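Shown next, in structure tokens, is the structure this report addresses.
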Amino acid sequence: MMRRLSGDTVKLIGRQLCALCHPTPTLSLKIVLDQVCSYDNLVDSVVEAFRYLTPLDADVMFYVVLMTLDDPSSSRVKDDAVNAAHWLQSLSLFVAAFSHRHENPSLGYVLGYVLKQVVRMVHTEDAPPVFETTVLSDTILRLAAIDVMANATDDQVLALQGGYHLHLEAFSMVSPWVLPQDATLDAVLAASTSCRLTRRLAQWLTSIIAGKDQALPLAVAMCIHADKVLKLTSLPLSNVLVIYDREIERVYQLFNLLYTNLKPERYARVVPGPHVLASEYGLSWGLAILWGRPNISRRLVQDLKRWEETGETINVQIVERSVPSECHTPDARPTSRACSGDGSREDSSKATAHGVAQPSAHPDEAINIEIVDTVAIVTAALKAAEADDAAVDAEQAVKVEPAKGTMAKLPNTDSGSKMDVDEKDDAVPRIVADLQFEAPLLPREYVEYVAQTLPPAAIEAGLSPEFAAVFWTLSLYDIEVPSDRYAKEVEIQTQFTKRIDGLTKLAHGSRSKAAGLAQARVRASAAIENLNKEMLEQKQHVSRIRRWLIAQKDYWFCMAHEQRRLVTQALLQHCVLPRAVLSASDASFCAKFLWMMHYPLATNKFSLMIVYDQIFGESLSTLLAAFTENEARNYAKFLNSSLTFLAPLHKTEANYKERAVNSWRGLTGFQQQWRYERGYLPPKSRTILQQMPAKPSESSGDERRIKPSCTMLAYDDFRTVMRKWQVNLTKAFIVALDSKRNDTVRNGILALKEMQKSFPVILQYGQRIMAKVDEVATGRASENNQPENAGSPDSDKNLKVMAASYGARTAAIRQQ
């Protein structure tokens with residue numbers, strides 16, 4: 001009978017098959033499911049045939065599914081030790097398809113079995129990975145249409161940046177509402193019905209997971225399972241990295257399901273804050289903040305609205321010194337000087353400082369990356385500048401005396417409002433001996449946990465726990481409104497309504513089709529209204545977040561070490577790098593938030609130049625060797641976004657002066673000479689939310705925030721630094737492509753693909769990289785290197801295909 005079952009005979013044979021299974025369901029259904037496990041092309045036909053099963057038979061069918069899953073004699077993994085066995089994949093597809101077609105609540109027992117298997121692995125020493133999680137992943141994909149997003153597109157990242165309704169459009173590569181111009185009436189009705197069914201099934205699946213109190217246990221178990229996979233020693237490292245990536249993707253898939261289908265109040269009751277998940281449940285910080293961030297964000301949104309309505313103030317405990325800083329007035333700015341290696345003073349045009357390479361007589365001349373050793377130059381300049389900084393700060397420390405403590409109050413108004421202290425203290429910079437600052441509106445237990453996890457050396461360097469808490473709390477939704485993505489989705493819905501209006505006349509002959517079209521139009525109009533309302537709400541929220549950041553930005557690094565590289569390394573180690581590799585959204589957030597700290601926030605004592613100098617260093621080759629494939633993609637997206645911010649500055653001097661060294665806005669991120677001691681506190685910013693006039697009057701901006709002894713990096717010097725970064729990236733990628741490990745070579749090619757729009761931009765360096773890529777594509781690299789841990793022939797073939805694909809894409813871009 002199974003041989004006669006097909007799509008054409010499903011009704012006739014389906015009735016006979018279900019009638020045959022009813023007297024002996026355990027035996028008969030076992031035979032049917034064994035056939036499904038062997039031949040996955042039977043899944044759809046069997047699911048359609050099982051519509052004639054009685055409720056009791058359906059329950060028995062799920063019992064047989066559980067018995068099949070729990071069969072100890074069946075191997076769960078293929079011979080490659082990475083992918084789930086064929087029978088397990090087929091059975092997983094069947095369970096997902098049957099639940100999508102019939103909505104049987106017994107699905108909860110199958111998910112409960114998966115949870116128990118994961119928990120068993122977590123509590124067993126050196127246990128193999130749980131491949132049954134593929135059942136959960138396929139079920140979420142089939143019922144909720146939420147796919148894993150290992151390589152999210154730019155449109156998907158922008159959709160994830162929006163609110164609830166825009167968030168829903170991020171999970172599919174192509175919007176289901178996009179129809180061809182000649183779409184028929186049935187196609188329009190099918191698209192509307194499909195979207196409505198998907199949302200209903202997503203809610204149903206969420207209710208099964210959350211209704212059985214499986215949401216938090218499943219989330220915690222999946223996270224710990226992924227972390228434990230990374231520590232397995234019984235599998236080759238390459239296999240471990242692939243399995244780890246896949247399990248992390250499924251963790252994000254489960255998170256997207258629960259986050260988009262649970263109301264915020266219920267989500268907060270089900271999932272605790274990140275500090276609780278990390279301390280009590282043992283989750284790694286990256287996954288704990290993923291699941292706990294909605295809880296913290298919900299409280300922050302409510303508190304920000306109340307803060308705006310009530311006008312509450314933020315208290316900052318400050319212990320001031322009796323004498324202000326040396327830069328009382330902008331007119332007292334001395335001639336810029338730099339310190340040479342022997343301690344003598346030289347003109348700044350001939351010196352180098354803090355890793356900033358000085359331009360040659362011909363800045364556009366190509367640099368021979370095989371001969372020029374920029375590292376030695378940068379290191380020597382750094383030591384000289386740091387020695388000079390220490391001498392200047394020692395002199396200033398003798399001149400000032402500690403004074404009594406004062407209390408400053410920051411109102412929650414826009415930039416330009418005054419602090420509740422003396423007028424003179426607000427008008428000039430000052431030095432504070434100590435500063436006790438509490439990040440406003442964040443739970444104290446959350447900030448205190450962050451402070452406990454940071455090493456003392458990082459806090460001593462100046463990385464405040466309050467800043468770390470703010471950095472990990474915020475997301476793309478909080479700092480930028482994807483207006484273009486909202487407009488695109490509104491346009492899609494508008495075109496859909498126009499198509500419905502054009503087909504209305506064709507539906508007059510069928511009352512059901514006419515009613516369906518009317519309902520589809522109502523839903524599309526409601527979607528447009530919801531998207532517009534959501535965008536307005538997000539704009540208001542981003543505005544409140546911006547004012548919240550303005551109120552505290554000058555205190556984040558106020559007590560930072562005089563050697564700014566120390567706080568930069570702490571910032572990268574404990575904030576930027578761990579988050580940039582988590583997902584494409586986190587990578588984009590890191591790049592945008594770092595830039596926002598410089599422009600327009602003008603964060604006190606934050607050197608964006610040093611941050612970028614560390615990021616675009618030659619250490620990238622070491623990072624690529626340590627990353628998994630998804631981490632390499634995400635970090636490359638972060639690098640690409642960072643270079644995208646710098647490209648306009650490199651293009652014209654006007655852009656550079658406006659966004660990099662604008663003294664009217666008090667920007668200090670591109671300073672070449674650094675003279676900011678511990679406790680430096682500038683006047684409040686007044687120009688962040690203002691439009692810069694064509695001819696700003698004297699002392700109308702934030703010039704007083706910049707110390708007179710600090711020199712801005714010249715435009716020609718900046719172009720030279722950009723070239724140096726291109727050199728560093730080129731060296732790093734060449735080292736990665738020359739590696740003896742296939743994993744490192746693969747990560748290098750994946751990173752190059754993600755950075756194709758921004759790197760390489762210099763022809764000479766692009767030719768060198770393409771030469772190495774061609775070696776990988778033709779197999780010459782593997783023959784020359786003779787890898788110690790060379791993979792299978794299939795793995796080498798995949799590398800060749802990836803390299804050839806990158807070469808073809810690069811050639812196509814060059815021809816445009």
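Residues in the structure tokens are numbered from 1 in each chain, the chains being A, B, ... in the order shown, and ligands are numbered from 1 in the order shown.
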Checklist line | DSSP alpha helix (DSSP H) residues within segment 415-654 of chain A, listed as a ChimeraX atom specification | finding: /A:423-427,444-453,456-461,465-473,476-479,483-503,511-550,553-556,564-571,577-580,584-598,608-615,620-626,629-651,653-654
Note to self: Please list as a PyMOL selection string every residue within 8 Å of segment 131-145 of chain A, counting only C-alpha atoms and excluding residues in the same chain fewer than 2 positions away.
What the structure shows: chain A and resi 69+76-77+83-84+88-89+92-93+95-97+99-100+111+114+117+129+147+171-172+198-199+201-202+205+250+253-254+257
Residues of segment 90-140 of chain A that have any atom at most 10 Å from an atom of segment 224-246 of chain A: could you tabulate them with the shortest-distance atom pair and the distance in Å to one decimal, using only C-alpha atoms, ordered by chain and increasing number, as a tab-separated table?
residue	atom	partner	partner_atom	distance
A:Val118	CA	A:His225	CA	6.6
A:Val119	CA	A:His225	CA	7.9
A:Arg120	CA	A:His225	CA	9.8
A:Met121	CA	A:His225	CA	7.3
A:Val122	CA	A:His225	CA	5.9
A:His123	CA	A:His225	CA	9.6
A:Glu125	CA	A:Leu232	CA	9.5
A:Asp126	CA	A:Leu232	CA	6.3
A:Ala127	CA	A:Leu232	CA	8.1
A:Pro128	CA	A:Leu232	CA	7.9
A:Pro129	CA	A:Val229	CA	6.3
A:Val130	CA	A:His225	CA	8.2
A:Phe131	CA	A:Ile243	CA	9.4
A:Thr134	CA	A:Arg246	CA	9.7
Item checked: Residue neighbourhood segment 627-641 of chain A, 6 Å, only C-alpha atoms, exclusion window fewer than 4 positions, as a PyMOL selection string -> chain A and resi 241+580-581+583-584+587-588+591+747+751+754-755+758
Once you have the residues from the selection above, write them out as an mmCIF file, in the first residue's frame, restricted to N, CA, C and O atoms.
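As a result, part.cif now contains:
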data_model
loop_
_atom_site.group_PDB
_atom_site.id
_atom_site.type_symbol
_atom_site.label_atom_id
_atom_site.label_comp_id
_atom_site.auth_asym_id
_atom_site.auth_seq_id
_atom_site.Cartn_x
_atom_site.Cartn_y
_atom_site.Cartn_z
ATOM 1 N N LEU A 241 33.723 23.128 15.739
ATOM 2 C CA LEU A 241 33.372 24.496 15.358
ATOM 3 C C LEU A 241 32.111 24.537 14.509
ATOM 4 O O LEU A 241 31.259 25.427 14.677
ATOM 5 N N ALA A 580 30.773 41.733 18.960
ATOM 6 C CA ALA A 580 30.799 41.851 17.505
ATOM 7 C C ALA A 580 30.712 40.495 16.806
ATOM 8 O O ALA A 580 30.314 40.431 15.640
ATOM 9 N N VAL A 581 31.072 39.412 17.482
ATOM 10 C CA VAL A 581 31.063 38.087 16.846
ATOM 11 C C VAL A 581 29.780 37.314 17.121
ATOM 12 O O VAL A 581 29.611 36.205 16.598
ATOM 13 N N SER A 583 26.401 38.029 16.421
ATOM 14 C CA SER A 583 25.441 37.991 15.324
ATOM 15 C C SER A 583 25.685 39.177 14.414
ATOM 16 O O SER A 583 26.445 40.104 14.749
ATOM 17 N N ALA A 584 25.014 39.168 13.268
ATOM 18 C CA ALA A 584 25.149 40.290 12.340
ATOM 19 C C ALA A 584 24.591 41.570 12.944
ATOM 20 O O ALA A 584 25.146 42.661 12.749
ATOM 21 N N ALA A 587 27.135 42.889 15.432
ATOM 22 C CA ALA A 587 28.277 43.467 14.730
ATOM 23 C C ALA A 587 27.954 44.866 14.234
ATOM 24 O O ALA A 587 28.763 45.802 14.366
ATOM 25 N N SER A 588 26.764 45.029 13.663
ATOM 26 C CA SER A 588 26.350 46.352 13.195
ATOM 27 C C SER A 588 26.202 47.325 14.356
ATOM 28 O O SER A 588 26.580 48.499 14.249
ATOM 29 N N ALA A 591 29.690 48.660 15.545
ATOM 30 C CA ALA A 591 30.261 49.668 14.647
ATOM 31 C C ALA A 591 29.526 50.999 14.784
ATOM 32 O O ALA A 591 30.160 52.063 14.859
ATOM 33 N N ASN A 747 37.932 30.930 6.841
ATOM 34 C CA ASN A 747 37.504 32.151 7.536
ATOM 35 C C ASN A 747 38.013 33.398 6.817
ATOM 36 O O ASN A 747 37.315 34.423 6.761
ATOM 37 N N ALA A 751 35.545 36.254 5.369
ATOM 38 C CA ALA A 751 35.685 37.646 5.795
ATOM 39 C C ALA A 751 35.883 38.574 4.602
ATOM 40 O O ALA A 751 35.328 39.677 4.555
ATOM 41 N N GLU A 754 32.559 39.345 2.992
ATOM 42 C CA GLU A 754 31.735 40.305 3.729
ATOM 43 C C GLU A 754 32.270 41.727 3.613
ATOM 44 O O GLU A 754 31.513 42.690 3.711
ATOM 45 N N MET A 755 33.578 41.871 3.400
ATOM 46 C CA MET A 755 34.198 43.196 3.339
ATOM 47 C C MET A 755 34.415 43.676 1.906
ATOM 48 O O MET A 755 35.156 44.629 1.668
ATOM 49 N N SER A 758 34.211 47.435 1.017
ATOM 50 C CA SER A 758 35.085 48.422 1.652
ATOM 51 C C SER A 758 36.560 48.034 1.644
ATOM 52 O O SER A 758 37.406 48.865 1.961
#
Note to self: Residues near Ala451 of chain A, anyone? I mean within 12 Å using only C-alpha atoms, not counting same-chain ones fewer than 6 positions away, as a PyMOL selection string.
What the structure shows: chain A and resi 275+438-439+444-445+457-460+463-469+574
Store the residues picked out above, limited to N, CA and C atoms, as an mmCIF file, in the first residue's frame.
data_model
loop_
_atom_site.group_PDB
_atom_site.id
_atom_site.type_symbol
_atom_site.label_atom_id
_atom_site.label_comp_id
_atom_site.auth_asym_id
_atom_site.auth_seq_id
_atom_site.Cartn_x
_atom_site.Cartn_y
_atom_site.Cartn_z
ATOM 1 N N HIS A 275 21.809 39.068 34.336
ATOM 2 C CA HIS A 275 22.669 38.782 35.488
ATOM 3 C C HIS A 275 22.201 37.526 36.219
ATOM 4 N N GLU A 438 26.581 56.328 38.946
ATOM 5 C CA GLU A 438 25.682 55.201 38.786
ATOM 6 C C GLU A 438 24.902 55.382 37.491
ATOM 7 N N ALA A 439 24.975 54.399 36.607
ATOM 8 C CA ALA A 439 24.234 54.478 35.346
ATOM 9 C C ALA A 439 22.748 54.602 35.649
ATOM 10 N N ARG A 444 20.304 48.141 39.676
ATOM 11 C CA ARG A 444 21.599 48.170 40.357
ATOM 12 C C ARG A 444 22.202 46.773 40.453
ATOM 13 N N GLU A 445 21.368 45.744 40.644
ATOM 14 C CA GLU A 445 21.920 44.398 40.736
ATOM 15 C C GLU A 445 22.545 43.969 39.410
ATOM 16 N N ALA A 457 41.878 45.024 36.652
ATOM 17 C CA ALA A 457 42.776 45.773 35.773
ATOM 18 C C ALA A 457 41.994 46.601 34.761
ATOM 19 N N ALA A 458 40.880 46.063 34.264
ATOM 20 C CA ALA A 458 40.064 46.812 33.306
ATOM 21 C C ALA A 458 39.409 48.018 33.956
ATOM 22 N N ILE A 459 38.918 47.845 35.178
ATOM 23 C CA ILE A 459 38.301 48.965 35.885
ATOM 24 C C ILE A 459 39.352 50.009 36.239
ATOM 25 N N GLU A 460 40.533 49.561 36.644
ATOM 26 C CA GLU A 460 41.610 50.493 36.958
ATOM 27 C C GLU A 460 42.041 51.281 35.724
ATOM 28 N N LEU A 463 37.714 51.479 32.317
ATOM 29 C CA LEU A 463 36.483 50.937 31.759
ATOM 30 C C LEU A 463 35.454 50.812 32.887
ATOM 31 N N SER A 464 34.561 51.760 32.983
ATOM 32 C CA SER A 464 33.606 51.773 34.093
ATOM 33 C C SER A 464 32.546 50.698 33.896
ATOM 34 N N PRO A 465 32.122 50.038 34.962
ATOM 35 C CA PRO A 465 31.037 49.052 34.847
ATOM 36 C C PRO A 465 29.761 49.669 34.318
ATOM 37 N N GLU A 466 29.535 50.953 34.609
ATOM 38 C CA GLU A 466 28.330 51.609 34.119
ATOM 39 C C GLU A 466 28.318 51.663 32.601
ATOM 40 N N PHE A 467 29.474 51.992 32.013
ATOM 41 C CA PHE A 467 29.532 52.010 30.545
ATOM 42 C C PHE A 467 29.335 50.614 29.983
ATOM 43 N N ALA A 468 29.980 49.616 30.576
ATOM 44 C CA ALA A 468 29.832 48.246 30.086
ATOM 45 C C ALA A 468 28.375 47.803 30.154
ATOM 46 N N ALA A 469 27.678 48.175 31.229
ATOM 47 C CA ALA A 469 26.269 47.817 31.356
ATOM 48 C C ALA A 469 25.439 48.500 30.274
ATOM 49 N N HIS A 574 36.498 43.472 26.519
ATOM 50 C CA HIS A 574 35.331 43.120 27.337
ATOM 51 C C HIS A 574 34.007 43.617 26.770
#
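If you look at atom CA of Arg293 of chain A and atom CA of Glu489 of chain A, they are 26.2 Å away from each other.
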Margin query: Using only C-alpha atoms, which protein or nucleic acid residues come within 12 Å of Leu729 of chain A? Drop anything in the same chain fewer than 4 positions from it, and give the result as a PyMOL selection string.
Written below: chain A and resi 369+612-622+624+636+639-640+643+722-725+733-736+748+751-752+755+758-762+765-766+768-769
Could the residues in this selection be saved with N, CA and C atoms as a short mmCIF file (atom, residue, chain, number, x, y, z; two decimals), in the first residue's frame?
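Once everything was written out, this is result.cif:
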data_model
loop_
_atom_site.label_atom_id
_atom_site.label_comp_id
_atom_site.auth_asym_id
_atom_site.auth_seq_id
_atom_site.Cartn_x
_atom_site.Cartn_y
_atom_site.Cartn_z
N ILE A 369 54.38 47.09 1.05
CA ILE A 369 54.07 46.46 2.33
C ILE A 369 55.07 45.39 2.70
N TYR A 612 40.20 52.33 16.47
CA TYR A 612 40.33 51.82 15.11
C TYR A 612 41.75 51.30 14.84
N ASP A 613 42.74 51.94 15.41
CA ASP A 613 44.12 51.49 15.19
C ASP A 613 44.32 50.08 15.77
N GLN A 614 43.64 49.79 16.86
CA GLN A 614 43.71 48.43 17.42
C GLN A 614 42.89 47.45 16.58
N ILE A 615 41.74 47.89 16.10
CA ILE A 615 40.86 47.00 15.34
C ILE A 615 41.47 46.63 14.00
N PHE A 616 42.02 47.62 13.30
CA PHE A 616 42.58 47.37 11.98
C PHE A 616 44.07 47.02 12.04
N GLY A 617 44.45 46.33 13.07
CA GLY A 617 45.84 45.91 13.21
C GLY A 617 46.07 44.55 12.58
N GLU A 618 47.31 44.13 12.61
CA GLU A 618 47.67 42.84 12.02
C GLU A 618 47.23 41.66 12.87
N SER A 619 46.71 41.93 14.05
CA SER A 619 46.20 40.84 14.89
C SER A 619 44.97 40.17 14.30
N LEU A 620 44.43 40.73 13.22
CA LEU A 620 43.25 40.13 12.59
C LEU A 620 43.53 38.70 12.15
N SER A 621 44.74 38.40 11.71
CA SER A 621 45.06 37.04 11.28
C SER A 621 44.94 36.05 12.44
N THR A 622 45.34 36.48 13.64
CA THR A 622 45.19 35.61 14.82
C THR A 622 43.72 35.40 15.16
N LEU A 624 41.16 35.51 13.07
CA LEU A 624 40.56 34.63 12.06
C LEU A 624 40.89 33.18 12.33
N ALA A 636 33.70 40.30 10.30
CA ALA A 636 33.96 40.98 9.04
C ALA A 636 32.88 42.02 8.75
N LEU A 639 33.91 45.01 10.73
CA LEU A 639 34.99 45.74 10.08
C LEU A 639 34.46 46.51 8.86
N ASN A 640 33.58 45.89 8.11
CA ASN A 640 33.04 46.54 6.92
C ASN A 640 32.24 47.79 7.29
N LEU A 643 34.68 50.58 8.37
CA LEU A 643 35.32 51.21 7.22
C LEU A 643 34.33 52.06 6.43
N MET A 722 44.78 55.87 7.08
CA MET A 722 43.87 54.97 6.38
C MET A 722 44.65 54.00 5.48
N ARG A 723 45.68 54.51 4.82
CA ARG A 723 46.51 53.63 4.00
C ARG A 723 47.23 52.60 4.87
N LYS A 724 47.70 53.02 6.03
CA LYS A 724 48.37 52.08 6.93
C LYS A 724 47.41 50.97 7.37
N TRP A 725 46.16 51.33 7.62
CA TRP A 725 45.18 50.31 8.00
C TRP A 725 44.93 49.34 6.86
N PHE A 733 45.22 39.33 6.01
CA PHE A 733 44.53 38.39 5.13
C PHE A 733 45.51 37.50 4.37
N ILE A 734 46.66 38.04 4.01
CA ILE A 734 47.66 37.20 3.34
C ILE A 734 48.16 36.10 4.28
N VAL A 735 48.37 36.45 5.55
CA VAL A 735 48.78 35.44 6.53
C VAL A 735 47.69 34.38 6.68
N ALA A 736 46.42 34.82 6.73
CA ALA A 736 45.31 33.86 6.89
C ALA A 736 45.21 32.94 5.68
N GLY A 748 39.23 33.33 6.29
CA GLY A 748 39.76 34.48 5.56
C GLY A 748 38.94 34.79 4.32
N ALA A 751 35.54 36.25 5.37
CA ALA A 751 35.68 37.65 5.79
C ALA A 751 35.88 38.57 4.60
N LEU A 752 36.67 38.15 3.63
CA LEU A 752 36.87 38.97 2.43
C LEU A 752 35.56 39.18 1.69
N MET A 755 33.58 41.87 3.40
CA MET A 755 34.20 43.20 3.34
C MET A 755 34.41 43.68 1.91
N SER A 758 34.21 47.43 1.02
CA SER A 758 35.08 48.42 1.65
C SER A 758 36.56 48.03 1.64
N PHE A 759 36.88 46.80 1.29
CA PHE A 759 38.28 46.36 1.30
C PHE A 759 38.47 45.24 0.28
N PRO A 760 39.58 45.27 -0.47
CA PRO A 760 40.59 46.33 -0.52
C PRO A 760 40.16 47.46 -1.47
N VAL A 761 40.61 48.67 -1.19
CA VAL A 761 40.27 49.82 -2.01
C VAL A 761 41.48 50.34 -2.79
N ILE A 762 42.65 49.79 -2.52
CA ILE A 762 43.88 50.17 -3.22
C ILE A 762 44.26 49.03 -4.16
N TYR A 765 47.15 46.48 -3.29
CA TYR A 765 46.88 45.50 -2.25
C TYR A 765 45.83 44.48 -2.72
N GLY A 766 44.87 44.96 -3.52
CA GLY A 766 43.89 44.03 -4.06
C GLY A 766 44.51 42.99 -4.96
N ARG A 768 47.55 41.77 -4.71
CA ARG A 768 48.27 40.81 -3.88
C ARG A 768 47.30 39.80 -3.24
N ILE A 769 46.15 40.30 -2.78
CA ILE A 769 45.17 39.40 -2.18
C ILE A 769 44.59 38.46 -3.24
#
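With only C-alpha atoms taken into account, the protein and nucleic acid residues at most 7 Å from segment 151-159 of chain A (excluding it and anything under 3 positions from it in its own chain) are A:Gly162, A:Leu166, A:His167, A:Glu169, A:Ala170, A:Pro482, A:Arg485, A:Ala584, A:Ser585.
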Put those residues in a file: N, CA, C and O atoms, as an mmCIF file, in the first residue's frame.
data_model
loop_
_atom_site.group_PDB
_atom_site.id
_atom_site.type_symbol
_atom_site.label_atom_id
_atom_site.label_comp_id
_atom_site.auth_asym_id
_atom_site.auth_seq_id
_atom_site.Cartn_x
_atom_site.Cartn_y
_atom_site.Cartn_z
ATOM 1 N N GLY A 162 14.146 47.215 13.696
ATOM 2 C CA GLY A 162 12.883 47.906 13.906
ATOM 3 C C GLY A 162 12.065 47.317 15.037
ATOM 4 O O GLY A 162 12.547 46.521 15.850
ATOM 5 N N LEU A 166 7.945 45.276 11.973
ATOM 6 C CA LEU A 166 9.060 45.205 11.029
ATOM 7 C C LEU A 166 9.947 44.001 11.341
ATOM 8 O O LEU A 166 10.534 43.400 10.430
ATOM 9 N N HIS A 167 10.033 43.654 12.617
ATOM 10 C CA HIS A 167 10.835 42.505 13.044
ATOM 11 C C HIS A 167 10.351 41.221 12.373
ATOM 12 O O HIS A 167 11.150 40.342 12.038
ATOM 13 N N GLU A 169 9.314 40.751 9.464
ATOM 14 C CA GLU A 169 9.714 40.628 8.064
ATOM 15 C C GLU A 169 11.173 40.231 7.904
ATOM 16 O O GLU A 169 11.666 40.126 6.778
ATOM 17 N N ALA A 170 11.885 40.032 9.002
ATOM 18 C CA ALA A 170 13.317 39.748 8.929
ATOM 19 C C ALA A 170 13.624 38.273 8.744
ATOM 20 O O ALA A 170 14.758 37.924 8.407
ATOM 21 N N PRO A 482 15.486 52.611 11.395
ATOM 22 C CA PRO A 482 15.659 52.218 9.986
ATOM 23 C C PRO A 482 14.539 52.781 9.121
ATOM 24 O O PRO A 482 13.662 52.050 8.641
ATOM 25 N N ARG A 485 14.001 51.204 5.705
ATOM 26 C CA ARG A 485 13.416 49.850 5.751
ATOM 27 C C ARG A 485 11.927 49.926 6.059
ATOM 28 O O ARG A 485 11.141 49.145 5.500
ATOM 29 N N ALA A 584 25.014 39.168 13.268
ATOM 30 C CA ALA A 584 25.149 40.290 12.340
ATOM 31 C C ALA A 584 24.591 41.570 12.944
ATOM 32 O O ALA A 584 25.146 42.661 12.749
ATOM 33 N N SER A 585 23.506 41.470 13.695
ATOM 34 C CA SER A 585 22.930 42.659 14.343
ATOM 35 C C SER A 585 23.877 43.220 15.387
ATOM 36 O O SER A 585 24.041 44.446 15.486
#
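The protein and nucleic acid residues lying at most 9 Å from segment 176-184 of chain A are Glu169, Ala191, Ser192, Ser194, Cys195, Ile492, Gln493, Gln495, Phe496, Arg499 and Leu503 of chain A, with only C-alpha atoms considered and sequence neighbours fewer than 6 positions away removed.
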Write the residues of the preceding selection, restricted to all heavy atoms, as a compact mmCIF listing (two decimals), in the first residue's frame.
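out_39.txt, freshly written:
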# COMPACT_ATOMS: atom_id res chain seq x y z
N GLU A 169 9.31 40.75 9.46
CA GLU A 169 9.71 40.63 8.06
C GLU A 169 11.17 40.23 7.90
O GLU A 169 11.67 40.13 6.78
CB GLU A 169 9.47 41.96 7.33
CG GLU A 169 8.04 42.47 7.44
CD GLU A 169 7.03 41.48 6.86
OE1 GLU A 169 7.38 40.79 5.88
OE2 GLU A 169 5.91 41.41 7.38
N ALA A 191 -1.29 34.21 -0.79
CA ALA A 191 -0.27 34.92 -0.02
C ALA A 191 -0.83 35.46 1.28
O ALA A 191 -0.20 35.35 2.34
CB ALA A 191 0.29 36.07 -0.86
N SER A 192 -2.03 36.02 1.22
CA SER A 192 -2.64 36.55 2.45
C SER A 192 -2.95 35.44 3.44
O SER A 192 -2.69 35.56 4.64
CB SER A 192 -3.91 37.31 2.09
OG SER A 192 -4.57 37.78 3.25
N SER A 194 -1.53 32.48 3.62
CA SER A 194 -0.29 31.87 4.11
C SER A 194 0.31 32.70 5.26
O SER A 194 0.74 32.13 6.27
CB SER A 194 0.71 31.74 2.97
OG SER A 194 1.94 31.26 3.42
N CYS A 195 0.34 34.01 5.10
CA CYS A 195 0.90 34.86 6.16
C CYS A 195 0.06 34.79 7.42
O CYS A 195 0.59 34.72 8.54
CB CYS A 195 1.00 36.29 5.66
SG CYS A 195 2.22 36.55 4.37
N ILE A 492 5.74 48.07 -0.01
CA ILE A 492 5.33 46.70 -0.37
C ILE A 492 3.86 46.49 -0.05
O ILE A 492 3.09 45.95 -0.87
CB ILE A 492 6.21 45.67 0.36
CG1 ILE A 492 7.64 45.69 -0.19
CG2 ILE A 492 5.62 44.27 0.23
CD1 ILE A 492 8.60 44.79 0.56
N GLN A 493 3.44 46.92 1.12
CA GLN A 493 2.03 46.77 1.49
C GLN A 493 1.13 47.64 0.63
O GLN A 493 0.01 47.24 0.29
CB GLN A 493 1.85 47.12 2.97
CG GLN A 493 2.57 46.20 3.94
CD GLN A 493 1.97 44.81 3.99
OE1 GLN A 493 0.84 44.59 3.56
NE2 GLN A 493 2.73 43.86 4.51
N GLN A 495 1.68 48.50 -2.54
CA GLN A 495 1.55 47.82 -3.83
C GLN A 495 0.62 46.61 -3.72
O GLN A 495 -0.12 46.29 -4.67
CB GLN A 495 2.93 47.39 -4.32
CG GLN A 495 3.86 48.54 -4.68
CD GLN A 495 3.32 49.39 -5.81
OE1 GLN A 495 2.64 48.89 -6.73
NE2 GLN A 495 3.60 50.69 -5.75
N PHE A 496 0.65 45.94 -2.57
CA PHE A 496 -0.23 44.79 -2.38
C PHE A 496 -1.70 45.23 -2.37
O PHE A 496 -2.56 44.58 -2.97
CB PHE A 496 0.13 44.10 -1.07
CG PHE A 496 -0.61 42.81 -0.83
CD1 PHE A 496 -0.30 41.67 -1.57
CD2 PHE A 496 -1.62 42.73 0.11
CE1 PHE A 496 -0.98 40.48 -1.36
CE2 PHE A 496 -2.30 41.54 0.33
CZ PHE A 496 -1.98 40.42 -0.41
N ARG A 499 -2.79 46.00 -5.87
CA ARG A 499 -3.06 44.78 -6.62
C ARG A 499 -4.42 44.21 -6.24
O ARG A 499 -5.15 43.70 -7.10
CB ARG A 499 -1.95 43.76 -6.35
CG ARG A 499 -2.03 42.51 -7.22
CD ARG A 499 -1.98 42.87 -8.68
NE ARG A 499 -2.24 41.73 -9.54
CZ ARG A 499 -2.60 41.81 -10.81
NH1 ARG A 499 -2.73 43.01 -11.37
NH2 ARG A 499 -2.82 40.73 -11.53
N LEU A 503 -7.93 43.59 -8.64
CA LEU A 503 -8.56 42.28 -8.80
C LEU A 503 -9.96 42.20 -8.21
O LEU A 503 -10.60 41.15 -8.27
CB LEU A 503 -7.69 41.20 -8.14
CG LEU A 503 -6.30 40.97 -8.75
CD1 LEU A 503 -5.50 40.02 -7.88
CD2 LEU A 503 -6.41 40.43 -10.17
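Counting from atom CA of Leu115 of chain A, the distance to atom CA of Ser207 of chain A is 16.2 Å.
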